[in-house]
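Asks: Let me give you the structure first, and then I'll get to my questions.
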Amino acid sequence: MPDHDDDAQLSMAAGDLAELLGGSLDGPADLQLTGIAAIESGGPGDLTFIRAAQFAKRWPESRCSAALVSEGIDIPGSTPGRAIIRVPDADAAFAAILGRIDPGIHTPPPGIHPSSTVDPEAQVDPAARVGPNCTIGPGARVGASAVLIAGVHIGAHADTGEGSTLHPGVVIADRCRLGDRCVVHPNAVIGSDGFGFIPPTEDKPAIRIPQIGTVEIGAECEIGAGSTIDRAKLGVTRLGDRVKLDNLVHIGHNTTVGDDSILCGRVTIGGSVTIGKRVMCGGSVTFSDQITIGDNARIAGGTVAMDDIPAGETYVGMPAMPARTAMANYSAFRTLSEFTRRTDKAIARIDRALGTSP
Amino acid sequence: MPDHDDDAQLSMAAGDLAELLGGSLDGPADLQLTGIAAIESGGPGDLTFIRAAQFAKRWPESRCSAALVSEGIDIPGSTPGRAIIRVPDADAAFAAILGRIDPGIHTPPPGIHPSSTVDPEAQVDPAARVGPNCTIGPGARVGASAVLIAGVHIGAHADTGEGSTLHPGVVIADRCRLGDRCVVHPNAVIGSDGFGFIPPTEDKPAIRIPQIGTVEIGAECEIGAGSTIDRAKLGVTRLGDRVKLDNLVHIGHNTTVGDDSILCGRVTIGGSVTIGKRVMCGGSVTFSDQITIGDNARIAGGTVAMDDIPAGETYVGMPAMPARTAMANYSAFRTLSEFTRRTDKAIARIDRALGTSP
Amino acid sequence: MPDHDDDAQLSMAAGDLAELLGGSLDGPADLQLTGIAAIESGGPGDLTFIRAAQFAKRWPESRCSAALVSEGIDIPGSTPGRAIIRVPDADAAFAAILGRIDPGIHTPPPGIHPSSTVDPEAQVDPAARVGPNCTIGPGARVGASAVLIAGVHIGAHADTGEGSTLHPGVVIADRCRLGDRCVVHPNAVIGSDGFGFIPPTEDKPAIRIPQIGTVEIGAECEIGAGSTIDRAKLGVTRLGDRVKLDNLVHIGHNTTVGDDSILCGRVTIGGSVTIGKRVMCGGSVTFSDQITIGDNARIAGGTVAMDDIPAGETYVGMPAMPARTAMANYSAFRTLSEFTRRTDKAIARIDRALGTSP
């Protein structure tokens with residue numbers, strides 16, 4: 001639940017909010033809402049969220065003036081002067097409200113800041129917003145409604161897509177392509193060289209394998225701060241549509257990530273990995289090269305996977321195992337030392353009783 | 001122990017050094033010290049450090065001219081012309097000496113470099129040092145004695161604090177606040193958006209949850225190179241005072257890190273985690289969302305914690321366990337295969353002797 | 001095998017290619033090659049690669065016009081109008097071809113872009129290429145044939161070496177030295193401060209230990225995007241020659257990495273670690289402070305090592321163990337829960353049969 005935040009300016013009547021959210025109002029339509037708060041800490045004027053029965057129980061004592069409630073949850077009692085707004089999904093409604101009160105990020109005006117360097121052979125849409133200290137190379141394309149906040153590098157023949165926002169320090173390297181309406185967070189790198197070497201031997205040093213491919217990213221993707229996506233050795237490292245990467249995620253060369261997949265912080269994907277659609281990875285997951293992760297798979301945080309993971313499965317651990325098995329094994333691991341000692345002891349006891357020996 | 005370093009110019013008399021460190025001198029006050037070295041490799045003019053008895057034994061044969069010695073350590077024998085300086089703590093004394101001979105980092109002069117872009121509505125103290133290629137947004141504040149070395153981005157209404165040093169490529173995003181006398185290392189990001197999505201289903205894509213909060217960092221914090229700290233969904237992602245983050249650390253949205261906590265390289269903290277005071281995490285630790293780590297807890301490198309860790313405890317492993325239990329279990333794990341085989345064999349042998357079966 | 005890539009312009013006759021690669025041609029020297037493709041998906045004009053017998057079996061049905069074949073592999077049958085080029089090593093030959101058709105990265109012309117800031121006391125070779133928005137500090141040296149693509153920061157008295165390429169956002173901090181012909185990928189940081197603190201107590205805050213040493217990097221090293229290498233506390237953090245770091249790798253202060261070692265994505269090395277020559281680490285490996293890894297050691301992805309690893313060994317897991325032992329133990333771990341249950345059950349059964357008890 002959100003904490004109370006003095007800076008969260010909400011300024012709406014309950015009726016207007018219900019209408020905005022497509023919800024049904026039970027209470028005074030003219031009740032003024034001024035803030036958002038947790039149910040136990042808010043006060044008059046605050047809107048809170050009730051998404052489960054455990055929170056509903058606190059409504060009578062709460063000092064909040066209004067609540068967004070997910071359908072199917074009973075609210076015990078009600079107080080005149082307070083409002084309940086029922087919506088299909090309180091989480092989605094919360095997201096809508098946050099979007100409404102979001103102060104946003106300051107962006108440069110349309111045009112190109114004089115401190116930026118744009119190659120004569122680049123194409124920058126006149127409606128694009130290119131802030132200070134950017135560099136845009138020959139043949140690069142910056143689409144309409146693209147926003148480069150500051151210090152962004154667009155390499156030769158690279159493409160920002162339409163309507164994408166690139167935060168400070170982002171690098172889109174030569175020939176790489178970002179889809180439309182993407183958001184790339186500070187210092188992320190798209191198109192660094194893939195990591196390819198024929199390993200050294202006692203007699204010869206490593207041979208570097210040139211990485212001559214590109215990165216192509218679909219529409220409405222988000223790339224977290226400091227994340228890195230390598231260009232392919234040959235061909236394309238590809239993200240589908242609506243892929244979301246958290247911070248410090250690494251995608252190796254020639255990997256494909258399917259539509260709607262979500263990779264949390266510090267996930268590390270090797271090269272030539274195939275990730276399906278709607279795959280969700282917790283933080284710090286590691287995938288070895290060349291494995292395949294099926295659609296709708298869910299991978300718990302900390303997992304290290306060196307083999308394929310089937311579609312629809314939930315995998316956990318190192319090595320990655322089906323969740324049920326992993327939980328059972330890790331549970332046994334918590335008492336492994338005690339188990340080995342008592343088992344050794346029992347076998348010794350039994351051997352003495354039998355007069356046998358190993 | 002420090003290695004000998006030709007570049008470590010020390011140029012002090014032993015007596016002056018003893019006075020600087022508040023230590024007691026046994027030996028000639030006018031003995032000239034010219035370098036710092038390990039006890040077994042140094043030579044005339046070198047100062048060395050004796051922090052434990054094992055090093056004290058090497059003093060008679062050592063060619064070093066002087067030694068800093070922690071109180072309570074006996075030095076066998078002594079040589080005319082050599083000096084012993086006793087201090088309460090040789091490590092702290094070493095830190096003081098390094099500080100004295102530190103060449104430091106070149107900083108720009110007071111003022112704003114002409115290549116930087118400062119919004120007319122920003123407030124930059126005249127004594128602040130803003131180097132080349134920085135961007136400072138509307139309503140931002142750069143305090144007195146703040147140093148922005150080069151290529152730093154301060155977003156709208158962000159605040160550097162007084163006396164902080166921001167290395168090249170650092171981003172302090174809109175509305176985020178750095179405390180006084182902080183150091184932020186190259187390419188670190190403060191205030192990237194938190195990672196919040198209502199997960200996709202077969203029928204609907206993910207819904208992005210706007211991240212409208214901020215980051216607030218206390219005084220005398222250090223943020224390592226490439227580290228990322230996400231702004232809160234609503235409210236504040238908060239670091240207390242004197243928090244130290246190593247490189248490539250990730251702090252998720254709405255997390256709180258208590259005073260004096262130390263997080264080593266590549267630690268990854270999820271969202272809404274509460275970390276107490278003086279918590280120490282080794283490298284590569286991962287914390288899941290919404291857990292609480294009590295004051296003075298110590299978390300060994302590589303640990304993956306998905307549940308609360310009590311105050312004062314030392315936890316190890318995946319899953320995180322109390323240290324004693326973890327060490328015992330990992331010790332048993334080292335011979336698990338052998339144990340399972342001999343146990344299966346013993347049970348089969350016993351069954352044959354008894355004429356029983358599973 | 002490489003995927004077919006419309007953008008991979010190959011335009012060579014088979015005879016010329018054989019000559020370029022030092023291979024022997026079996027087939028028409030004037031056969032025109034226009035692309036590179038996988039053996040099962042390519043078409044007329046495509047060159048493919050056969051590095052193992054399993055691929056050789058597909059040659060008769062393949063529509064590719066030519067194949068590079070590693071020595072020692074039999075090709076069943078042959079078709080007039082198609083070419084086989086035998087080479088000692090198909091992988092090395094592939095690397096050579098990629099190098100030939102690599103479009104490369106756009107670089108600035110020789111000289112210093114007017115938007116860059118170069119200290120009067122810096123030495124920039126007239127043949128060096130310094131792109132937009134770079135900063136070069138007093139006493140820094142930028143060697144002949146060095147390329148700073150854009151937004152690169154070279155600190156005071158730092159040195160790029162000769163012929164090195166530094167991608168956008170790279171930071172080489174004060175007094176650090178890059179060897180000749182290195183490549184540093186976007187947003188990598190060389191010379192951030194080491195992480196050194198005397199830990200806090202209940203009564204006293206942490207004491208910061210000044211990090212006054214440097215980083216020295218050998219020749220022909222590659223440093224991946226977002227990687228960070230800390231300067232030494234005193235002395236040098238050192239990479240040998242031809243060391244290759246993937247993305248988001250962290251090297252702690254005073255660590256030494258020997259010639260020809262290769263560290264994959266997200267490897268995290270603590271402080272004062274000694275890594276030998278030709279050591280190979282898979283992704284996400286973690287090394288604790290002060291351990292030694294012998295020459296030619298191989299460390300599997302995900303491994304967490306807290307103790308020395310001997311030369312020539314392959315280690316796996318957490319804790320790091322010799323590979324054979326690790327594989328056996330992790331194999332046993334996959335069925336640990338089942339094993340503990342059946343073992344407890346068997347012992348109970350035996351106790352009942354014997355009339356004994358624990």
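For the structure tokens, the naming scheme is as follows: chains receive sequential letters (A, B, ...) according to their order of presentation, residues are indexed from 1 within each chain, and ligands are indexed from 1 in presentation order.
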When you look at Leu245 in chain C with a cut-off of 10 Å (counting only C-alpha atoms), what residues show up, excluding the ones that are within fewer than 3 positions of it in the same chain? I need them as a PyMOL selection string.
Replies: (chain A and resi 195) or (chain C and resi 184-185+221-225+227-228+242+248-251+261-267+281)
Asks: Could you list the residues in chain B lying within 6 Å of chain A, using only C-alpha atoms, and format the result as a PyMOL selection string?
Replies: chain B and resi 209-210+212+235+328-329+332
Asks: Please save N, CA and C atoms of the selected residues as an mmCIF file, in the first residue's frame.
Replies:
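As written to disk, part-v3.cif reads:
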data_model
loop_
_atom_site.group_PDB
_atom_site.id
_atom_site.type_symbol
_atom_site.label_atom_id
_atom_site.label_comp_id
_atom_site.auth_asym_id
_atom_site.auth_seq_id
_atom_site.Cartn_x
_atom_site.Cartn_y
_atom_site.Cartn_z
ATOM 1 N N ILE B 209 3.021 1.048 -14.031
ATOM 2 C CA ILE B 209 2.630 1.843 -12.868
ATOM 3 C C ILE B 209 3.563 3.052 -12.799
ATOM 4 N N PRO B 210 3.023 4.242 -13.020
ATOM 5 C CA PRO B 210 3.879 5.425 -12.966
ATOM 6 C C PRO B 210 4.634 5.505 -11.633
ATOM 7 N N ILE B 212 6.148 8.020 -9.316
ATOM 8 C CA ILE B 212 6.093 9.474 -9.185
ATOM 9 C C ILE B 212 6.801 9.987 -7.946
ATOM 10 N N GLY B 235 6.051 8.413 -2.681
ATOM 11 C CA GLY B 235 6.844 8.571 -1.469
ATOM 12 C C GLY B 235 8.321 8.613 -1.805
ATOM 13 N N ALA B 328 27.308 -25.383 8.286
ATOM 14 C CA ALA B 328 27.156 -26.830 8.471
ATOM 15 C C ALA B 328 26.507 -27.473 7.248
ATOM 16 N N ASN B 329 25.479 -26.836 6.721
ATOM 17 C CA ASN B 329 24.783 -27.420 5.575
ATOM 18 C C ASN B 329 25.644 -27.414 4.320
ATOM 19 N N ALA B 332 28.160 -30.144 4.597
ATOM 20 C CA ALA B 332 27.549 -31.422 4.244
ATOM 21 C C ALA B 332 27.318 -31.522 2.737
#
Asks: Select from range 36-74 of chain B everything DSSP, run on the backbone, classes as alpha helix (DSSP H), then give the selection as a list in words.
Replies: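 DSSP on the backbone gives alpha helix (DSSP H) at Ala53, Gln54, Phe55 and Ala56 of chain B.
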Asks: Write a file of the selected residues as an mmCIF file, in the first residue's frame, keeping N, CA, C and O atoms.
Replies:
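And here's selection-v4.cif as it stands now:
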data_model
loop_
_atom_site.group_PDB
_atom_site.id
_atom_site.type_symbol
_atom_site.label_atom_id
_atom_site.label_comp_id
_atom_site.auth_asym_id
_atom_site.auth_seq_id
_atom_site.Cartn_x
_atom_site.Cartn_y
_atom_site.Cartn_z
ATOM 1 N N ALA B 53 50.435 -9.902 15.835
ATOM 2 C CA ALA B 53 51.694 -10.481 16.304
ATOM 3 C C ALA B 53 52.483 -11.145 15.179
ATOM 4 O O ALA B 53 53.719 -11.111 15.173
ATOM 5 N N GLN B 54 51.790 -11.737 14.200
ATOM 6 C CA GLN B 54 52.506 -12.448 13.129
ATOM 7 C C GLN B 54 53.407 -11.503 12.349
ATOM 8 O O GLN B 54 54.437 -11.912 11.808
ATOM 9 N N PHE B 55 53.002 -10.250 12.252
ATOM 10 C CA PHE B 55 53.850 -9.279 11.548
ATOM 11 C C PHE B 55 54.965 -8.781 12.451
ATOM 12 O O PHE B 55 56.068 -8.490 11.986
ATOM 13 N N ALA B 56 54.695 -8.715 13.759
ATOM 14 C CA ALA B 56 55.698 -8.217 14.699
ATOM 15 C C ALA B 56 56.952 -9.086 14.665
ATOM 16 O O ALA B 56 58.081 -8.598 14.808
#
Asks: Going by DSSP on the backbone, which residues of range 66-256 of chain B come out as strand (DSSP E or B)? List them as an MDAnalysis selection string.
Replies: chainID B and resid 66:70 83:87 111:112 117:118 123:124 129:130 135:136 141:142 147:148 153:154 159 165:166 171:172 177 183:184 189:192 197:198 207:208 214:217 222:223 228:230 236:239 244:245 250:251 256
Asks: For those residues, write C-alpha atoms to a file as a compact mmCIF listing (two decimals), in the first residue's frame.
Replies:
# COMPACT_ATOMS: atom_id res chain seq x y z
CA ALA B 66 59.80 2.59 10.89
CA ALA B 67 56.58 0.83 11.81
CA LEU B 68 53.13 1.87 12.95
CA VAL B 69 52.07 -0.60 15.58
CA SER B 70 48.61 -1.19 17.08
CA ALA B 83 61.35 4.00 14.94
CA ILE B 84 58.22 2.41 16.38
CA ILE B 85 55.12 4.58 16.49
CA ARG B 86 52.38 3.15 18.68
CA VAL B 87 48.81 4.06 17.81
CA GLY B 111 31.95 28.60 -11.40
CA ILE B 112 30.19 27.05 -14.35
CA THR B 117 23.81 24.13 -19.77
CA VAL B 118 22.15 25.63 -16.72
CA GLN B 123 20.18 27.82 -8.33
CA VAL B 124 23.89 27.20 -8.54
CA ARG B 129 32.40 23.89 -9.25
CA VAL B 130 30.53 22.85 -12.37
CA THR B 135 23.16 19.92 -17.54
CA ILE B 136 21.25 21.49 -14.68
CA ARG B 141 19.96 23.36 -6.68
CA VAL B 142 23.72 22.94 -6.69
CA VAL B 147 31.74 19.60 -7.35
CA LEU B 148 30.37 18.33 -10.66
CA HIS B 153 23.05 15.72 -15.20
CA ILE B 154 21.01 17.35 -12.44
CA ASP B 159 19.43 18.92 -5.21
CA THR B 165 31.31 15.45 -5.30
CA LEU B 166 29.69 14.04 -8.43
CA VAL B 171 22.66 11.43 -13.12
CA ILE B 172 20.57 12.89 -10.28
CA ARG B 177 17.95 14.93 -3.28
CA VAL B 183 30.47 11.26 -3.14
CA VAL B 184 28.85 9.76 -6.23
CA VAL B 189 22.18 6.94 -11.46
CA ILE B 190 19.97 8.33 -8.70
CA GLY B 191 16.26 8.54 -9.46
CA SER B 192 15.70 6.22 -12.40
CA PHE B 197 4.13 -3.23 -13.77
CA ILE B 198 0.86 -5.01 -13.30
CA ILE B 207 0.14 -2.00 -17.25
CA ARG B 208 2.94 0.35 -16.35
CA THR B 214 11.70 10.51 -5.35
CA VAL B 215 15.04 9.44 -3.88
CA GLU B 216 16.45 11.09 -0.76
CA ILE B 217 19.99 10.38 0.31
CA GLU B 222 29.04 7.15 -1.08
CA ILE B 223 27.43 5.70 -4.19
CA THR B 228 21.38 2.67 -9.65
CA ILE B 229 18.83 3.86 -7.07
CA ASP B 230 15.23 3.97 -8.24
CA VAL B 236 10.58 8.16 -1.06
CA THR B 237 13.37 5.67 -1.67
CA ARG B 238 15.63 6.63 1.20
CA LEU B 239 19.26 6.20 2.21
CA LYS B 244 28.19 3.27 1.50
CA LEU B 245 27.32 1.53 -1.76
CA HIS B 250 20.88 -1.67 -7.40
CA ILE B 251 18.34 -0.27 -4.93
CA THR B 256 14.99 2.28 2.91
